[in-house]
Amino acid sequence: MSVGKLGRAPLVAICTAALAAVYGAGYVATEPYAHRASPGSPPASPQRHVGEGKRGTASARYRDGVYRGSGSDQIGTIGVEVTIAGGRIAKVVITRCDTHYPQSDIDPALPDEVIKAQSANIRFVSGATLSSFAFALAVQQALDEAKNPDSAGGGA
């Protein structure tokens with residue numbers, strides 16, 4: 001194949017522009033999720049909220065009780081129940097898993113991650129990224145219901 005009179009410069013410029021466009025589109029599509037840990041990355045260090053960890057200085061971050069959430073994506077829906085005890089996440093149970101993959105791909109790994117992180121900001125399971133995302137959405141929905149409006153860190 002002949003490059004022609006102009007040489008390779010136009011071809012290189014077109015390829016560079018195409019790569020830049022793909023990179024830019026990927027950035028625009030994923031930027032809203034930039035605060036989330038990417039699959040396989042270590043979890044973000046827990047953020048301390050005003051009064052958290054100091055007894056008697058502020059209300060608990062979450063109200064005690066059992067809260068339900070649901071998260072959906074392209075491959076199905078996951079439902080959870082999050083139990084709050086003493087203002088902390090004490091238990092997470094997957095109550096529904098209508099995905100293409102078995103619940104065993106994410107359970108008990110993801111519920112344990114939520115309890116450890118005390119938030120929905122968790123590491124995703126490799127090979128079950130979409131299920132992990134739906135699970136995190138479900139947990140966040142439950143935690144939004146559980147937020148204590150009187151706590152100093154409740155709006156974070």
# chains A, B, ... in the order shown; residues from 1 in each chain; ligands from 1
$ residues_around --residues "Lys91 of chain A" --least-positions-apart "3" --cutoff "10 Å" --atoms "only C-alpha atoms" --output "ChimeraX atom specification"
/A:66,81-85,88,111-112,114-115
$ closest_atom_pairs --of "segment 50-106 of chain A" --to "segment 122-128 of chain A" --cutoff "12 Å" --atoms "only C-alpha atoms" --output "JSON lines"
{"residue": "A:Asp73", "atom": "CA", "partner": "A:Ala128", "partner_atom": "CA", "distance": 11.9}
{"residue": "A:Ile75", "atom": "CA", "partner": "A:Ala128", "partner_atom": "CA", "distance": 10.5}
{"residue": "A:Thr99", "atom": "CA", "partner": "A:Ala128", "partner_atom": "CA", "distance": 10.2}
{"residue": "A:His100", "atom": "CA", "partner": "A:Ala128", "partner_atom": "CA", "distance": 10.0}
{"residue": "A:Tyr101", "atom": "CA", "partner": "A:Ala128", "partner_atom": "CA", "distance": 7.9}
{"residue": "A:Pro102", "atom": "CA", "partner": "A:Ala128", "partner_atom": "CA", "distance": 9.7}
{"residue": "A:Gln103", "atom": "CA", "partner": "A:Ala128", "partner_atom": "CA", "distance": 10.0}
{"residue": "A:Ser104", "atom": "CA", "partner": "A:Ala128", "partner_atom": "CA", "distance": 10.4}
{"residue": "A:Asp105", "atom": "CA", "partner": "A:Ala128", "partner_atom": "CA", "distance": 6.7}
{"residue": "A:Ile106", "atom": "CA", "partner": "A:Val125", "partner_atom": "CA", "distance": 6.7}
$ atom_distance --atom1 "atom CA of Ser132 of chain A" --atom2 "atom CA of Arg68 of chain A"
16.7 Å
$ closest_residue --among "A:Pro10, A:Pro149, A:Gly79, A:Gly87" --to "Gly65 of chain A" --atoms "only C-alpha atoms"
A:Gly87
$ closest_residue --among "A:Ser131, A:Gln118, A:Asn148, A:Thr16" --to "Thr77 of chain A" --atoms "only C-alpha atoms"
A:Ser131
